[in-house]
Each structure stands twice: as structure tokens, then as C-alpha cells.
>>> print(open('model29.cif').read())   # mmCIF, C-alpha atoms
data_query
loop_
_atom_site.label_atom_id
_atom_site.label_comp_id
_atom_site.auth_asym_id
_atom_site.auth_seq_id
_atom_site.Cartn_x
_atom_site.Cartn_y
_atom_site.Cartn_z
CA PHE S 5 29.28 -17.02 41.39
CA ASN S 6 27.41 -13.84 40.40
CA SER S 7 26.87 -15.13 36.87
CA PRO S 8 23.59 -14.95 34.91
CA CYS S 9 21.76 -18.24 34.59
CA LEU S 10 19.35 -19.39 31.91
CA ILE S 11 16.99 -22.20 32.91
CA ILE S 12 14.86 -23.92 30.29
CA ASP S 13 11.94 -26.12 31.25
CA GLY S 14 10.34 -27.61 28.16
CA LYS S 15 6.97 -28.20 29.87
CA GLY S 16 6.96 -24.87 31.66
CA ALA S 17 5.86 -26.27 35.04
CA LYS S 18 4.76 -23.65 37.55
CA ASP S 19 6.60 -25.46 40.36
CA THR S 20 9.90 -25.00 38.53
CA ARG S 21 9.34 -21.27 38.19
CA LEU S 22 8.48 -20.92 41.89
CA ALA S 23 11.52 -22.95 42.96
CA VAL S 24 13.86 -20.85 40.82
CA SER S 25 12.33 -17.65 42.21
CA ASP S 26 12.87 -18.87 45.79
CA ILE S 27 16.53 -19.68 45.14
CA ALA S 28 17.13 -16.39 43.33
CA GLY S 29 15.51 -14.51 46.18
CA LYS S 30 18.06 -15.86 48.64
CA TYR S 31 20.84 -14.31 46.55
CA ASN S 32 18.99 -11.10 45.69
CA ARG S 33 18.96 -12.00 42.03
CA GLU S 34 16.32 -10.81 39.60
CA VAL S 35 14.21 -13.38 37.73
CA LYS S 36 12.72 -12.69 34.31
CA GLU S 37 10.22 -15.19 32.99
CA PHE S 38 9.60 -15.76 29.33
CA THR S 39 6.21 -17.48 29.34
CA ASP S 40 2.86 -17.13 27.60
CA SER S 41 1.66 -15.17 30.63
CA GLY S 42 4.88 -13.31 31.40
CA ASP S 43 5.91 -9.76 30.60
CA ILE S 44 8.83 -10.60 28.30
CA SER S 45 8.08 -10.97 24.62
CA TYR S 46 10.09 -12.28 21.71
CA ASN S 47 10.13 -10.50 18.38
CA PRO S 48 11.35 -12.96 15.72
CA LEU S 49 11.58 -10.21 13.10
CA LYS S 50 13.77 -7.74 14.96
CA TYR S 51 17.19 -9.05 13.90
CA GLY S 52 18.61 -10.46 10.69
CA ASN S 53 18.24 -9.67 7.01
CA SER S 54 15.18 -10.44 4.91
CA ILE S 55 16.35 -13.98 4.08
CA GLU S 56 17.02 -14.79 7.74
CA VAL S 57 13.58 -13.46 8.70
CA ARG S 58 12.01 -15.53 5.95
CA ASP S 59 13.77 -18.64 7.25
CA LYS S 60 12.56 -17.98 10.80
CA LEU S 61 8.97 -17.70 9.62
CA VAL S 62 9.18 -20.21 6.80
CA SER S 63 6.61 -22.50 8.43
CA LEU S 64 4.02 -19.76 7.99
CA ALA S 65 4.89 -19.48 4.32
CA GLU S 66 4.93 -23.18 3.51
CA THR S 67 1.92 -24.74 1.79
CA GLU S 68 1.35 -28.02 -0.03
CA SER S 69 1.96 -26.15 -3.28
CA ILE S 70 5.52 -25.25 -4.28
CA PHE S 71 4.03 -22.46 -6.42
CA TYR S 72 2.18 -20.77 -3.55
CA SER S 73 5.04 -21.37 -1.11
CA GLY S 74 7.35 -19.49 -3.48
CA ALA S 75 4.98 -16.51 -3.66
CA ASN S 76 4.61 -16.50 0.13
CA LYS S 77 8.38 -16.41 0.63
CA GLN S 78 8.74 -13.62 -1.92
CA LEU S 79 6.15 -11.50 -0.13
CA LEU S 80 7.69 -12.30 3.26
CA MET S 81 11.14 -11.14 2.14
CA GLY S 82 9.82 -8.15 0.21
CA THR S 83 7.73 -6.91 3.13
CA THR S 84 10.69 -7.24 5.51
CA GLN S 85 12.78 -5.09 3.14
CA LEU S 86 9.90 -2.61 2.81
CA LEU S 87 9.72 -2.10 6.58
CA ASP S 88 13.47 -1.43 6.66
CA VAL S 89 13.34 1.03 3.73
CA PHE S 90 10.58 3.09 5.37
CA ASN S 91 12.03 2.79 8.89
CA ILE S 92 9.00 0.93 10.23
CA GLU S 93 9.60 -1.24 13.27
CA ARG S 94 9.83 -4.91 12.43
CA ASP S 95 7.26 -6.88 14.38
CA LEU S 96 4.51 -9.36 13.62
CA GLU S 97 1.77 -6.71 13.73
CA ASN S 98 3.46 -4.39 11.25
CA MET S 99 4.40 -7.29 9.02
CA SER S 100 0.78 -8.40 8.94
CA ASP S 101 -0.45 -4.84 8.28
CA TYR S 102 1.89 -4.35 5.34
CA PHE S 103 0.72 -7.52 3.63
CA SER S 104 -2.09 -5.17 2.55
CA PRO S 105 -1.29 -3.67 -0.87
CA ARG S 106 -3.25 -0.50 -0.05
CA LYS S 107 -1.07 0.18 3.01
CA VAL S 108 2.04 -0.38 0.94
CA LEU S 109 0.88 1.90 -1.88
CA LEU S 110 0.08 4.59 0.69
CA LEU S 111 3.76 4.69 1.61
CA PHE S 112 4.68 5.57 -1.99
CA ILE S 113 1.75 8.00 -2.33
CA ASN S 114 2.78 9.90 0.81
CA GLU S 115 6.37 10.13 -0.41
CA LEU S 116 5.25 11.57 -3.75
CA LEU S 117 2.84 14.02 -2.08
CA LEU S 118 5.87 15.78 -0.58
CA ILE S 119 6.97 16.55 -4.14
CA TYR S 120 3.55 16.85 -5.81
CA PRO S 121 0.99 18.32 -3.34
CA ASP S 122 -1.68 18.08 -6.09
CA LEU S 123 -0.87 14.45 -6.88
CA LEU S 124 -4.40 13.29 -6.05
CA VAL S 125 -6.24 16.28 -7.55
CA PHE S 126 -8.04 15.42 -10.78
CA GLU S 127 -10.35 17.14 -13.24
CA VAL S 128 -13.46 15.08 -13.89
CA GLU S 129 -15.84 15.81 -16.73
CA GLU S 130 -19.46 15.82 -15.62
CA SER S 131 -22.37 14.82 -17.82
CA PRO S 132 -22.77 17.42 -20.61
CA LYS S 133 -25.54 19.97 -20.06
CA ASN S 134 -27.64 21.17 -23.01
CA LYS S 135 -28.19 24.88 -23.39
CA SER S 136 -31.68 26.15 -24.05
CA LYS S 137 -32.45 27.19 -27.61
CA LYS S 138 -33.07 30.77 -26.41
CA SER S 139 -29.61 31.15 -24.94
CA VAL S 140 -28.09 29.54 -28.02
CA LYS S 141 -30.00 31.91 -30.27
CA LYS S 142 -28.66 34.90 -28.35
CA GLU S 143 -25.13 33.61 -28.80
CA VAL S 144 -25.70 33.22 -32.52
CA GLU S 145 -27.08 36.78 -32.76
CA VAL S 146 -23.87 38.03 -31.16
CA VAL S 147 -21.91 36.12 -33.75
CA GLU S 148 -24.04 37.60 -36.54
CA LYS S 149 -23.23 41.11 -35.30
CA ALA S 150 -19.60 40.19 -35.71
CA GLU S 151 -20.27 40.04 -39.46
CA VAL S 152 -20.06 36.28 -39.79
CA LYS S 153 -23.75 35.89 -40.46
CA ASP S 154 -23.49 32.96 -42.86
CA SER S 155 -21.46 30.72 -40.60
CA ALA S 156 -23.51 31.70 -37.55
CA SER S 157 -26.77 30.91 -39.33
CA SER S 158 -25.53 27.50 -40.33
CA LYS S 159 -24.36 26.98 -36.73
CA TYR S 160 -27.84 27.88 -35.48
CA ASP S 161 -29.45 25.50 -37.94
CA GLN S 162 -27.30 22.72 -36.56
CA ILE S 163 -28.17 23.73 -33.01
CA GLU S 164 -31.86 23.56 -33.86
CA ASP S 165 -31.35 19.93 -34.83
CA ASP S 166 -28.86 18.72 -32.25
CA GLY S 167 -28.75 21.20 -29.37
CA VAL S 168 -25.45 22.28 -27.82
CA ALA S 169 -23.76 20.35 -24.99
CA THR S 170 -21.55 22.41 -22.72
CA GLU S 171 -18.63 20.64 -21.10
CA VAL S 172 -18.65 20.85 -17.30
CA VAL S 173 -15.40 20.03 -15.54
CA GLU S 174 -15.19 19.47 -11.78
CA THR S 175 -12.00 19.35 -9.71
CA ILE S 176 -11.90 16.59 -7.09
CA THR S 177 -9.31 15.33 -4.62
CA ALA S 178 -9.16 11.55 -4.44
CA ASN S 179 -9.05 9.82 -1.07
CA PRO S 180 -6.26 7.20 -1.09
CA GLU S 181 -8.07 5.30 1.67
CA THR S 182 -11.00 4.56 -0.64
CA MET S 183 -9.79 4.96 -4.24
CA LYS S 184 -9.31 1.86 -6.36
CA LEU S 185 -6.01 0.05 -5.98
CA GLU S 186 -5.52 0.16 -9.75
CA ASP S 187 -5.89 3.96 -9.69
CA MET S 188 -3.38 4.27 -6.85
CA TYR S 189 -0.93 2.14 -8.79
CA TRP S 190 -1.43 4.23 -11.94
CA VAL S 191 -0.80 7.50 -10.04
CA ILE S 192 2.43 6.16 -8.53
CA SER S 193 3.60 4.54 -11.76
CA ASN S 194 3.32 7.84 -13.63
CA LYS S 195 5.60 9.59 -11.10
CA LYS S 196 7.73 6.66 -9.95
CA LYS S 197 10.97 8.17 -11.26
CA ARG S 198 10.68 10.80 -8.54
CA LEU S 199 10.65 8.18 -5.77
CA LYS S 200 13.81 7.64 -3.76
CA LYS S 201 15.99 4.90 -5.21
CA SER S 202 15.24 2.53 -2.34
CA SER S 203 11.51 3.22 -2.61
CA LEU S 204 11.54 2.76 -6.38
CA ARG S 205 13.31 -0.57 -5.95
CA MET S 206 10.59 -1.75 -3.57
CA PHE S 207 7.80 -0.52 -5.88
CA GLU S 208 9.33 -2.44 -8.77
CA GLN S 209 9.93 -5.54 -6.64
CA LEU S 210 6.45 -5.77 -5.14
CA PHE S 211 4.30 -4.47 -8.00
CA ALA S 212 5.80 -3.41 -11.34
CA ARG S 213 7.63 -6.68 -12.01
CA TYR S 214 4.25 -8.43 -12.14
CA GLU S 215 2.67 -6.14 -14.73
CA HIS S 216 2.93 -8.91 -17.32
CA LYS S 217 0.58 -11.00 -15.17
CA ASP S 218 -3.14 -10.30 -14.82
CA ASN S 219 -2.39 -7.21 -12.72
CA PRO S 220 0.45 -5.70 -10.64
CA PHE S 221 -1.16 -7.08 -7.45
CA TYR S 222 -0.42 -10.63 -8.53
CA LEU S 223 2.01 -11.32 -5.65
CA TYR S 224 -0.48 -10.19 -3.00
CA ALA S 225 -3.33 -12.15 -4.54
CA THR S 226 -1.20 -15.29 -4.82
CA ALA S 227 0.12 -15.07 -1.25
CA GLU S 228 -3.26 -14.80 0.50
CA SER S 229 -2.54 -17.91 2.59
CA LEU S 230 0.46 -16.17 4.17
CA GLN S 231 -1.76 -13.29 5.33
CA THR S 232 -4.23 -15.78 6.80
CA ASN S 233 -1.46 -17.68 8.62
CA PHE S 234 -0.12 -14.48 10.17
#
>>> encode(input="model29.cif", output="C-alpha cells")
Amino acid sequence: FNSPCLIIDGKGAKDTRLAVSDIAGKYNREVKEFTDSGDISYNPLKYGNSIEVRDKLVSLAETESIFYSGANKQLLMGTTQLLDVFNIERDLENMSDYFSPRKVLLLFINELLLIYPDLLVFEVEESPKNKSKKSVKKEVEVVEKAEVKDSASSKYDQIEDDGVATEVVETITANPETMKLEDMYWVISNKKKRLKKSSLRMFEQLFARYEHKDNPFYLYATAESLQTNF
């Protein structure tokens, strides 16, 4: 009747597949097999909102503990929303990748770098270096010539006792792939008002709302079982 036909064999017997292919061949109909060895895949994350995705994958989030199950579901929904906000394809691989807090923070870092190119450039104070007494004495002599002999002399006396430490400041650019998660969070938090509204909402939902806990990575630490299950 020239209508499509869906055949389901619960045990997936090879004989069934061959028989269907033979029949279809007689009518010049194409056969597509959805099997563990076939070329058709199923992406359970592609359609539906974050709650529907959570419900599809709820078995991966369930544990014996209601507490941990709740955290797993929160991370599952939050990560689904995150992928949508940043236009990342929903699939199991991406979902698993973005259970990593570093990967998530990188999304916010990269967004802020478009506004603040020097976002990850910092001035770091090196260990103070002591000047030699000779160089210090020359500096004091210059001061004495400026007719402030008394104060310069007292300064030199102090230098004789303590020495003078010069402050050395070095400019470095942090690597977000290796910097501490806490530092990444601090950098984003200081500039979070410049994030897009949707990005800010995700940052608050996944991190900032847990600041009252031990650390803002509380959700990720609590939902480790979900990452293992994926």
C-alpha cells in the first residue's frame, strides 16, 4: 500500500531482519535498521525541555540517596539548559563533557574575554630584592644634595640596619586550562554583570547559588555519581 512500516522485534533476531529485508526488496522499499550494530543512532537529548530530558535520563540520576538523586537531577537539568543557552548540540557526549565545572566556566570566561581582552592578565609581586648598601648610599647622597640632609641621613641610618627591599612586579597571563577553579570563579564573579542575561542566569544557577555552602562547586561535587553513570 506504499505506506511506511515499523517492525519491532524485542529480541532483535537476525533472521527477522533478513526476512524483512527480503520482503522489502521485492517492493523496492528501503530498510533502515536501528540496532546496536546499525548505522542509525538515537539521541535522547535532542528534543524536549530540560525537565523532559531529565525524565528521560532519570535512571542515570537516581541513587539510593534522595539527597544525591536531587543534586543529580539539578545538574542534569542545569546542564541541558546550559547547552541550549550556548547553542551547543545536545548529545550524550556534550552532556558528559559539560558536567566538568572547568569546561562550564570556560564558556563564561570566553564570553567575558570579548569585552575584557585583558581579563586574565594579572600583576604579580615577586619576592622583594634588597639593594646593595653602595647603591643605597648613592641614592641618599642625591637626596642630601637636594638639601634634605637631615631626613636623608636618618633614612640611611635605617637602611644600614634594615636594608631596602625594592618591589618587583611581573605581568602574567593566566591559562584558564590550568588555573585553579576558585580563581576562575573569582574572575567571572567580579565581572558577571557584563554577562548576557541568559549566561548570568546559568552562572547563578550552577555556581553562585551555592556560595553559602563549602564552595560554589558544591553541585558538581555532590553529583559525581551522575558523571560516573554517564
>>> atom_distance(input="model29.cif", atom1="CA of Thr175 (chain S)", atom2="CA of Val125 (chain S)")
6.9 Å
>>> resolve_selection(input="model29.cif", expression="the PyMOL selection byres ((chain S and resi 100) around 10)", output="JSON, numbers by chain")
{"S": [80, 83, 95, 96, 97, 98, 99, 101, 102, 103, 104, 230, 231, 232, 233, 234]}
>>> atom_distance(input="model29.cif", atom1="CA of Tyr46 (chain S)", atom2="CA of Pro105 (chain S)")
26.7 Å
>>> atom_distance(input="model29.cif", atom1="CA of Gln78 (chain S)", atom2="CA of Glu186 (chain S)")
21.3 Å
>>> residues_around(input="model29.cif", residues="Asn179 (chain S)", least_positions_apart="5", cutoff="12 Å", atoms="all atoms listed in the file", output="PyMOL selection string")
chain S and resi 106+110+113-114+123-126+184-185+187-188
>>> closest_residue(input="model29.cif", among="S:Leu117, S:Ala75, S:Val35, S:Ile11", to="Val191 (chain S)", atoms="all atoms listed in the file")
S:Leu117
>>> closest_residue(input="model29.cif", among="S:Thr84, S:Ala225, S:Asn76, S:Arg213", to="Ser63 (chain S)", atoms="all atoms listed in the file")
S:Asn76
>>> axis_aligned_box(input="model29.cif", around="region 50-59 of chain S", padding_each_side="6 Å", output="JSON")
{"center_x": 15.3, "center_y": -13.2, "center_z": 9.5, "size_x": 18.6, "size_y": 22.9, "size_z": 22.9}
>>> resolve_selection(input="model29.cif", expression="the PyMOL selection byres ((chain S and resi 86) around 12)", output="count of residues only")
37
>>> resolve_selection(input="model29.cif", expression="the PyMOL selection byres ((chain S and resi 21) around 12)", output="PyMOL selection string")
chain S and resi 10-20+22-28+35-39+42
>>> residues_around(input="model29.cif", residues="Glu130 (chain S)", least_positions_apart="2", cutoff="7 Å", atoms="all atoms listed in the file", output="ChimeraX atom specification")
/S:128,132,172-174
>>> residues_near_point(input="model29.cif", point="(1.5, -24.0, 0.4)", cutoff="12 Å", atoms="all atoms listed in the file", output="mmCIF file with C-alpha atoms, in the coordinates of the input")
data_model
loop_
_atom_site.group_PDB
_atom_site.id
_atom_site.type_symbol
_atom_site.label_atom_id
_atom_site.label_comp_id
_atom_site.auth_asym_id
_atom_site.auth_seq_id
_atom_site.Cartn_x
_atom_site.Cartn_y
_atom_site.Cartn_z
ATOM 1 C CA VAL S 62 9.180 -20.210 6.800
ATOM 2 C CA SER S 63 6.610 -22.500 8.430
ATOM 3 C CA LEU S 64 4.020 -19.760 7.990
ATOM 4 C CA ALA S 65 4.890 -19.480 4.320
ATOM 5 C CA GLU S 66 4.930 -23.180 3.510
ATOM 6 C CA THR S 67 1.920 -24.740 1.790
ATOM 7 C CA GLU S 68 1.350 -28.020 -0.030
ATOM 8 C CA SER S 69 1.960 -26.150 -3.280
ATOM 9 C CA ILE S 70 5.520 -25.250 -4.280
ATOM 10 C CA PHE S 71 4.030 -22.460 -6.420
ATOM 11 C CA TYR S 72 2.180 -20.770 -3.550
ATOM 12 C CA SER S 73 5.040 -21.370 -1.110
ATOM 13 C CA GLY S 74 7.350 -19.490 -3.480
ATOM 14 C CA ALA S 75 4.980 -16.510 -3.660
ATOM 15 C CA ASN S 76 4.610 -16.500 0.130
ATOM 16 C CA LYS S 77 8.380 -16.410 0.630
ATOM 17 C CA THR S 226 -1.200 -15.290 -4.820
ATOM 18 C CA ALA S 227 0.120 -15.070 -1.250
ATOM 19 C CA GLU S 228 -3.260 -14.800 0.500
ATOM 20 C CA SER S 229 -2.540 -17.910 2.590
ATOM 21 C CA LEU S 230 0.460 -16.170 4.170
ATOM 22 C CA THR S 232 -4.230 -15.780 6.800
ATOM 23 C CA ASN S 233 -1.460 -17.680 8.620
#
